[in-house]
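A.B. asks: Below is a structure I'd like to ask you about.
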Amino acid sequence: MTNPLLHLAVALDGAGWHPAAWREPDAQPDRLFTAAYWVGLAQQAERGLLDFITIEDGLDLQSDDRFGGDERTDRVRGRLDAVLIAARIAPVTRHIGLVPTAVTTHTEPFHLSKAIATLDYVSGGRAGVRVQIAGRPDTAAHFGRREIPRLSTDRFAQPEVQRLVAAHFDEANDYVEVVRRLWDSWEDDAEIRDVATGRFVDRDKLHYIDFEGRWFSVKGPSVTPRPPQGQPVVAALGHATIPYGLIARSADIGFVTPRDRSHAAEIVAEVRGEEARAGRSGVHVFGDVVVFLDDSPVTARARRERLDELAGPDFASTGYSSDAHIFAGTPAQLVDLLLDWREAGLTGFRLRPAALPHDLAQIASGVVPELQRRGAFRAGYPDSGWPATLRGLLGRSRPANRYRSSAA
Amino acid sequence: MSKQIHLAAHFPGVNNTTVWSDPAAGSHIEFDSFRRFAQTAERGKFDFMFLAEGLRLREQNGQIYDLDVVGRPDTFTILAALAAVTEHLGLTGTINSTFNEPYEVARQFASLDHLSGGRAAWNVVTSWDAFTGENFRRGGYLAQGDRYERARTFLRTTTELWDSWHGDEVIADKDSGRFLSTPAPGAFGHRDQFFDIAGQFNVPRSPQGRPVIFQAGDSDEGRDFAAASADAIFSRHSTLAAGQAFYADVKGRLGRFGRTRDELLILPAATFVLGDTDAEAADIAREVRRAQVSPQTALRFIEQLWNRELPDFDVDGPLPAFDPVVSDTLIAKGRASVRQFAKDPVALAGEWRARAEDGHLSAREVVIEVTGRQSFVGSPETVARTINDFVQADASDGFILVPHITPGGLDPFVDTVVPLLQELGTFRADYRGTTLRDHLGLAPLGQPGAAAARAAS
């Protein structure tokens with residue numbers, strides 16, 4: 001049996017994922033809040049033929065402490081709204097998928113649904129969204145509508161903390177359900193422009209979604225017609241059983257963080273099991289890997305060490321750590337790893353460049369050509385038609401509308 | 001010296017002004033329509049384009065209203081995309097303060113301002129209906145008396161968020177390793193009857209400091225709100241006399257809030273119909289009005305005023321002889337115009353009948369007359385002269401033009417009227433600045449804190 005082609009995405013965040021990336025000679029930390037910076041990165045990723053980019057976001061100031069804010073002045077702080085960055089990029093790219101991050105904890109599913117539908121219109125069917133929960137109490141205080149207790153690593157396994165985490169993900173699950181129902185709340189042929197009867201729409205093809213849940217009730221229909229892809233792509237990152245449940249029940253793509261090939265196989269088995277329980281199949285499982293890429297392994301490792309030193313005294317001993325595996329080496333060595341992990345059942349990878357633009361350039365000009373040489377990546381983008389959408393790139397068809405009446 | 005005219009373009013809306021039945025009418029949702037419309041406005045050197053918002057599909061008689069254009073994009077997302085295909089044009093979006101939270105709206109506008117190089121503007125509206133609230137987790141009901149207090153408070157809070165970054169925090173000095181000049185940028189705290197929030201805003205200060213602020217209310221309270229805190233008013237007074245009265249009233253209020261007359265622009269919405277001659281334009285205008293009020297649309301308007309279903313009513317005959325149903329429960333939901341009808345429907349029905357009798361008009365013809373809002377009808381010369389006269393006579397500072405055809409309805413105006421205004425010397429031949437504040441002739445914002453202090457006064 002021949003192996004399926006791999007899917008490849010890149011995760012954009014500030015100046016790169018290493019906290020000292022902004023100090024690299026080719027980094028552009030003074031341009032992080034300009035459109036040109038993000039357009040440049042997206043176009044570079046598109047020249048590299050990648051399936052899509054993700055854009056990180058959050059409703060708080062970035063922090064080295066995952067449970068609360070810090071007061072560091074030596075890190076990139078501040079960011080622009082990721083959905084709007086993606087919209088700004090869309091008209092000046094042609095092929096690449098655009099998957100901004102959106103927070104489900106404090107925001108409105110009605111607004112997000114029409115925002116991603118609109119992103120799908122402005123990009124010609126290349127929109128997705130990566131949903132994320134916001135668990136920090138200081139983030140909740142920005143909205144003042146609910147209290148969230150401060151967590152810590154040593155309390156994380158306690159049952160009441162796990163219940164809280166599960167509730168956040170249940171809310172995210174409801175949220176995605178509402179977003180998806182709203183995308184379907186217009187049938188594709190609802191707009192009729194029938195001059196004889198004076199009707200612009202056939203209201204029998206507009207549907208109330210009537211969602212009622214623990215966190216919100218939403219009536220519908222959307223104010224935005226069904227987007228070009230029908231259902232834009234939904235993604236989520238997960239590290240444990242609870243988020244795997246969200247991925248399995250609601251997402252099209254799960255980003256997971258295996259330590260090695262056998263860990264990848266365990267994760268894939270768990271996600272597939274959750275998926276079967278939810279009565280679904282075919283969710284993409286992408287491995288996340290932080291990458292330091294250079295022409296020789298020595299150079300890559302030296303760059304990682306140099307960045308660790310720059311990152312401050314607290315990094316000098318431990319070095320940069322991440323939820324994802326950290327790779328430092330050549331593009332060919334990375335391809336060895338990706339093809340090895342593919343055997344565990346991963347269908348693609350989301351690479352997190354340690355430093356921008358350097359590691360993105362290495363992905364585009366090194367990793368992708370090497371994957372192509374080994375027959376593991378497409379030769380180019382499809383020219384037009386359905387395959388040229390993000391769902392199409394991911395090998396998915398355009399889904400039927402859940403509200404479509406059988407009589408039609 | 002003559003006043004300079006400000007022109008803007010309103011993307012045709014979800015109402016019966018927009019004629020979708022015309023063969024030239026294109027998509028209201030495809031990006032190409034928005035791109036073409038925005039690029040035409042920019043070709044005409046307009047100050048900005050304007051987008052309205054609606055957060056629930058309108059209903060009548062318990063069913064979705066199907067006679068007008070239905071469906072629109074998300075305001076922020078489409079404006080961010082348009083920033084990619086324009087260079088100078090201001091990007092003004094209506095965003096509701098009832099169904100959003102200050103932190104999110106502030107970061108979306110700050111982001112849009114960054115991504116457009118200082119071209120963002122916000123038309124602040126507040127609605128109070130539980131009908132729209134059914135689409136939102138926070139629900140919608142707000143006592144009508146609290147509307148402006150909510151809007152004022154929301155704007156004050158977002159202004160505090162925008163001003164929480166002063167513009168000197170990001171130093172990004174690679175050598176010293178200092179990205180920030182301060183450990184706690186964007187710190188804020190706000191507590192009042194609507195919002196109790198604190199923390200750190202996460203978008204650095206944007207090119208304009210904050211979006212340009214538009215306000216659209218017409219009540220005494222709305223005018224005060226605008227005079228206190230807005231940069232521009234989107235008004236409905238597009239006739240000369242009404243425009244002058246509104247203009248004098250609102251400009252006269254500015255002093256009370258410590259502001260000068262040129263700190264607030266008054267920009268009425270206006271429609272136009274052009275022809276080679278005035279007579280030809282008048283003929284076309286009549287056709288447009290008939291297209292805007294189809295027999296079915298006429299019936300729906302009559303039902304709105306009479307506040308009941310009239311299933312067998314003939315719109316080519318006379319208006320109903322009986323009086324409207326007076327009730328707090330209205331058959332039409334999600335549209336502002338109905339509230340005008342509801343004030344005194346019996347008296348208004350009497351006025352409609354009197355007009356019908358005077359003009360020997362059918363029910364449909366009455367609706368065509370009373371709902372028509374064609375501001376400028378004539379040859380390009382006539383329209384250019386009239387617009388210039390209105391502005392010079394202080395009926396406005398310019399106009400927000402609402403074409404009735406999407407997306408091409410603006411092109412004839414840009415091609416024929418704009419050059420005449422440029423010849424008159426009262427409209428720019430090219431952009432001079434880069435930000436929307438520059439186009440509007442508004443001074444750059446001073447130090448953070450000044451605006452917040454003013455809004456709070």
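Letters for chains follow the order of the structure tokens (A, B, ...), residue numbers begin at 1 for each chain, and ligand numbers begin at 1 in the order shown.
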Might you pull out every residue within 10 Å of segment 276-279 of chain A, with only C-alpha atoms counted and same-chain residues fewer than 6 positions away left off, and present them as a PyMOL selection string?
C.D. replies: chain A and resi 245+248-250+270
A.B. asks: Can you list, as a ChimeraX atom specification, all residues belonging to segment 84-263 of chain B that DSSP tags as strand (DSSP E)?
C.D. replies: /B:90-96,120-125,170-173,178-180,187-191,196-200,212-215,232-235
A.B. asks: Would you give me, as number ranges by chain, the residues in segment 164-329 of chain B that DSSP reads as helix (DSSP H, G or I)?
C.D. replies: B: 220-229, 240-257, 261-263, 278-292, 295-306
A.B. asks: Would you mind listing, as a PyMOL selection string, all residues of chain B that have at least one atom within 6 Å of chain A, where only C-alpha atoms are what counts?
C.D. replies: chain B and resi 31+66-69+71-74+77+80-81+84+111+115+134-137+172+174+177-180+183+196-199+202-203
A.B. asks: May I have the residues from that selection written out with C-alpha atoms, as an mmCIF file, in the first residue's frame?
C.D. replies:
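Result written to out_9.cif:
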```cif
data_model
loop_
_atom_site.group_PDB
_atom_site.id
_atom_site.type_symbol
_atom_site.label_atom_id
_atom_site.label_comp_id
_atom_site.auth_asym_id
_atom_site.auth_seq_id
_atom_site.Cartn_x
_atom_site.Cartn_y
_atom_site.Cartn_z
ATOM 1 C CA PHE B 31 -16.060 39.876 -2.296
ATOM 2 C CA ASP B 66 -38.105 38.138 1.990
ATOM 3 C CA LEU B 67 -38.702 41.125 -0.289
ATOM 4 C CA ASP B 68 -35.476 43.065 0.269
ATOM 5 C CA VAL B 69 -31.866 42.054 -0.111
ATOM 6 C CA GLY B 71 -27.610 38.600 3.796
ATOM 7 C CA ARG B 72 -24.462 40.529 4.525
ATOM 8 C CA PRO B 73 -20.879 39.913 5.577
ATOM 9 C CA ASP B 74 -19.320 40.397 8.998
ATOM 10 C CA THR B 77 -13.823 40.905 8.458
ATOM 11 C CA ALA B 80 -10.001 44.146 6.944
ATOM 12 C CA ALA B 81 -10.116 42.438 3.549
ATOM 13 C CA ALA B 84 -5.839 44.934 1.228
ATOM 14 C CA SER B 111 -6.358 45.767 14.832
ATOM 15 C CA LEU B 115 -3.924 46.597 9.375
ATOM 16 C CA GLU B 134 -31.969 35.927 20.896
ATOM 17 C CA ASN B 135 -28.848 35.454 18.784
ATOM 18 C CA PHE B 136 -26.468 36.263 21.621
ATOM 19 C CA ARG B 137 -25.340 34.691 24.836
ATOM 20 C CA ALA B 172 11.900 46.114 20.226
ATOM 21 C CA LYS B 174 17.425 43.606 19.864
ATOM 22 C CA GLY B 177 16.808 42.627 24.739
ATOM 23 C CA ARG B 178 14.049 44.972 25.762
ATOM 24 C CA PHE B 179 10.907 44.564 23.740
ATOM 25 C CA LEU B 180 8.801 46.722 26.037
ATOM 26 C CA PRO B 183 6.417 45.873 32.478
ATOM 27 C CA ASP B 196 -16.686 45.833 35.708
ATOM 28 C CA ILE B 197 -13.436 44.998 33.971
ATOM 29 C CA ALA B 198 -9.721 45.270 34.662
ATOM 30 C CA GLY B 199 -6.434 43.981 33.341
ATOM 31 C CA ASN B 202 -3.242 43.595 24.316
ATOM 32 C CA VAL B 203 -3.076 45.724 21.170
#
```
A.B. asks: Considering only C-alpha atoms, return as a PyMOL selection string whatever protein or nucleic-acid residues lie within 8 Å of Ala236 of chain A, sequence-local ones (same chain, fewer than 6 positions apart) excluded.
C.D. replies: chain A and resi 130-132+243+246-247+251+253-255
A.B. asks: Which is closest to Tyr208 of chain A among B:Ile64, B:His166, B:Val14, B:Leu82, if we use only C-alpha atoms?
C.D. replies: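 Using only C-alpha atoms, Tyr208 of chain A sits closest to B:Ile64.
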A.B. asks: So that I can check the surroundings of Ala166 of chain A, please list as number ranges by chain every protein, DNA and RNA residue that reaches within 12 Å of it, counting only C-alpha atoms and ignoring chain neighbours fewer than 4 positions away.
C.D. replies: A: 133, 135, 156, 159-162, 170-173, 240-246
A.B. asks: With a cut-off of 12 Å, could you pull out the residues of segment 73-126 of chain B touching segment 411-431 of chain B and give me the nearest pair of atoms for each, distance in Å to one decimal, using only C-alpha atoms, ordered by chain and ascending number, as CSV?
C.D. replies:
```
residue,atom,partner,partner_atom,distance
B:Glu87,CA,B:Tyr431,CA,10.2
B:His88,CA,B:Tyr431,CA,7.3
B:Leu89,CA,B:Tyr431,CA,9.2
B:Gly90,CA,B:Tyr431,CA,11.3
```
